[in-house]
Structures are given as C-alpha cells and as structure tokens.
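So the structure is just underneath, and the comments pick up after that.
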Amino acid sequence: MRKYPPGESVCGAVYDNAPADNPFLAAMPEMLPRNEFLSAIRSTPGLPHSLPQMSPEERRQSLPMLASLFVPMHYMYAVYDQLYRAIRETYTTRTTMEEIEQINALFCNNKTVSYATQATSSSVLGVPGIGKTSTIRRALETMRQVIEHTEYMGQPFYCKQILYLRIECPSDCSVKTLALNLLSALDRAIGSDYLHQLISLRSIAASAVATQVKILCMTHHVGLLLVDEIQNAVETAQRNRQIKPLIKFLVELTNDTATAVYFVGTPTAEQLFTGQEHLKRRTRGIRLLPLKPDGTYRRFPGTAVAPPIHIPAGPLDGKAVKQTL
C-alpha cells in the first residue's frame, strides 16, 4: 500500500523514521518500483462499445481520444529516478535550523554566509516530440505536490512543504519574468496570493523580486524547481545578450536556498551549458536521442524499450558516453 494514495495534489503529512530535526525528509513519499511506476503513468483510453455500429463521421469525432494514449518506455523510469532523488537530496542537505539560518541570511542580505552542501542541479535534453515534458509531468504526478504539516513528534508544526514547482523559461529571458512565473506556480500550488501582492507594488526592482522568490522557496520548503523550455534562453538571449543574468539567478537560487534545479529542453541548450564553465557540472544528465527505425522502433509499443540515452561525461575528460538504459 502506498504511503500517499493517488488523489488530490495536497495531502496531510505521514512520517517515516528519519532524523528528529528533519520532518520534511520523514514526510517524503516512497520511491515507486519500476513496474509500479510504469503502470501508474500508462494511459490507455477505452474504445466505445458501440464502435462497430458507428458511422465514419462518428468515428472521426472519437479521434481526440488518441491524445490521451500514453505508452511508457523504460527510459522514463530513469527520469523519475533522477527527479525523486533530487527532491530527496534537497531535504537531506538541510535541517529545520539550517533553513531558518538561510532565511535570516537572505533577509539581512548577508553574502558572507556559506553552506558546505549544494543541492542537485541537472538537465534533461532531447529532440522535440521525444516525450520529455509528458514524461516529467507524469513522473511528478505520481507524487503529491504539497504536503501539509500540523504536528510532528507531539509538537505543533504548521507549514506546507512543496515537493516541486514546474515553470517555463520566459521567451524574453528576463529574470523578473522568470521570478514572477515562479511565484505564480507557487500560488497555484498552495492557494496563496504572493504574485498579486508583489505586482500591486508600482515599482519593484528585479533584484528585490529575486530575493523574495528565494525567501519563499525556503519558507515553503520547495524540493525541486523544474525549468522547462530552457532552449528559450539560447534562442532569444543570443540576440539580447541576456543569458548570463538569467542563468546567474538560477545558480544563485540553487546556492542560496539549497533547492534542486532541473533544466528541460531541446539539444539547442547544450551550447549554452558547454559554453559556461560553471554550468558544465551542473547540467549533466539524460540526453534523449531520436528514435531510429531499428529494433526499438519496430518493437514499440509491444515492449517498452528505451531509446538511446546520451549522458555527457565529466567536465574534465571532455568525452561523451552513450548508453541504453
């Protein structure tokens, strides 16, 4: 029996054995086995019972059901595995007291405070149409997005823990737009009104918005920030020379809040990652190559077999490794 059965995105906390000062790690959902995960994300809409008696016109009206068909492939479990471990690592790297210290440092604009452990930062890049966004969305939906805490170890403990937030990289590569998108995603998750409160201020600097986002990520214990369509940072920013401010904000967000960040997009973003020395180690991850008309292509969907995954090696050896999971 699963710790958090499928249902609404918000649920009450259920604690496992964990360090006494880390209720967020104790409330984490369990990691699904491969077969259970693939079964959970599979979607096979049933055909109408009256299909043989339908006219051609009526059958064509049923074609939109094909959009809900989703046949999982084995590589999708590797994506889920990385996302789950990234969220768990976020809560492993910081305790409740460490979060309070980090929030105070952000409020005081204290740049001298340093923390020994960094959160996970990685990427999932693949050709358009390979299923990146669908896989990630379904993988995250196997976990409750928000866990509500009311009591821990016999003591009152009121807060909301957001396991993940998914946003899209703005086409204008603006730090302020990205920060506002993040606030909007946070409001949708917990029903807050941070975005309206912030935009009601007539003039507010981008740096102030960025700081507010960092504080809220710490306040609501965000485990994973997933930035989709990261190739927008390349296609638009090459003309406006705005790549560095956007990436710098995301790197600072990871460092200051210990929140895991994952980038998702097309291989176009690879030139951005490899062109920045400080991004090479932060953006290694899964690379989904195009399917070729070989055995994998012909067996689909009879057996869910993975397409080749390209995983870049470390930044020191400069080589690439291809493997099929």
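Chain labels follow the order of the structure tokens: the first chain is A, the next B, and so on; residue numbering restarts at 1 in every chain, and ligands are counted from 1 in their shown order.
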
Quick one: everything within 12 Å of region 183-198 of chain A, counting only C-alpha atoms, minus sequence neighbours fewer than 6 positions away in the same chain. Send it as a count of residues only.
43

Could you go through region 140-283 of chain A and tell me which residues DSSP, when run on the backbone, assigns to helix (DSSP H, G or I), listing them as a ChimeraX atom specification?
/A:140-141,175-190,194-199,206-219,232-235,237-240,243-257,267-275,277-280

Practice prompt. Please provide the set of residues having any atom within 12 Å of Arg85 (chain A), restricted to only C-alpha atoms, with same-chain residues fewer than 2 positions apart removed, written as an MDAnalysis selection string.
Written response: chainID A and resid 25 28:32 78:83 87:93 119:122 163 223:224 260 262

For this session: Return as a PyMOL selection string the full set of residues in region 165-274 of chain A whose backbone-based DSSP assignment is strand (DSSP E).
Result: chain A and resi 165-168+224-228+260-265

Pairwise distance, CA of Pro33 (chain A) with CA of Asp16 (chain A), equals 18.1 Å

Ile136 (chain A) surroundings by only C-alpha atoms, 9 Å radius, close-in-sequence under 3 positions cut, as a list in words: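 After dropping sequence-adjacent residues, the list is Met76, Val79, Tyr80, Leu83, Gly131, Lys132, Thr133, Ala139, Leu140 and Glu141 of chain A.
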
Between A:Leu66, A:Thr268, A:Ser174, A:Ser200, smallest distance to Leu246 (chain A) by only C-alpha atoms belongs to A:Ser174

inquiry  = Just to confirm, what's the straight-line distance from CA of His149 (chain A) to CA of Pro5 (chain A) in Å (one decimal)?
reply    =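 Atom-to-atom, CA of His149 (chain A) to CA of Pro5 (chain A), that is 17.2 Å.
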
CA of Leu38 (chain A) to CA of Val71 (chain A) measures 8.7 Å

So which one's closest to Arg34 (chain A), A:Arg59, A:Arg281, A:Arg298, A:His74? Using only C-alpha atoms, please.
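Among A:Arg59, A:Arg281, A:Arg298, A:His74, it is A:His74 that comes nearest to Arg34 (chain A).
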
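Compared by their closest atoms to Leu250 (chain A), and using only C-alpha atoms, the residues A:Gln271, A:Cys173, A:Met143, A:Pro128 rank with A:Cys173 nearest.
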
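Between Phe249 (chain A) and the residues A:Thr274, A:Ser123, A:Asn22, A:Ser207, the shortest atom-to-atom distance, using only C-alpha atoms, involves A:Ser207.
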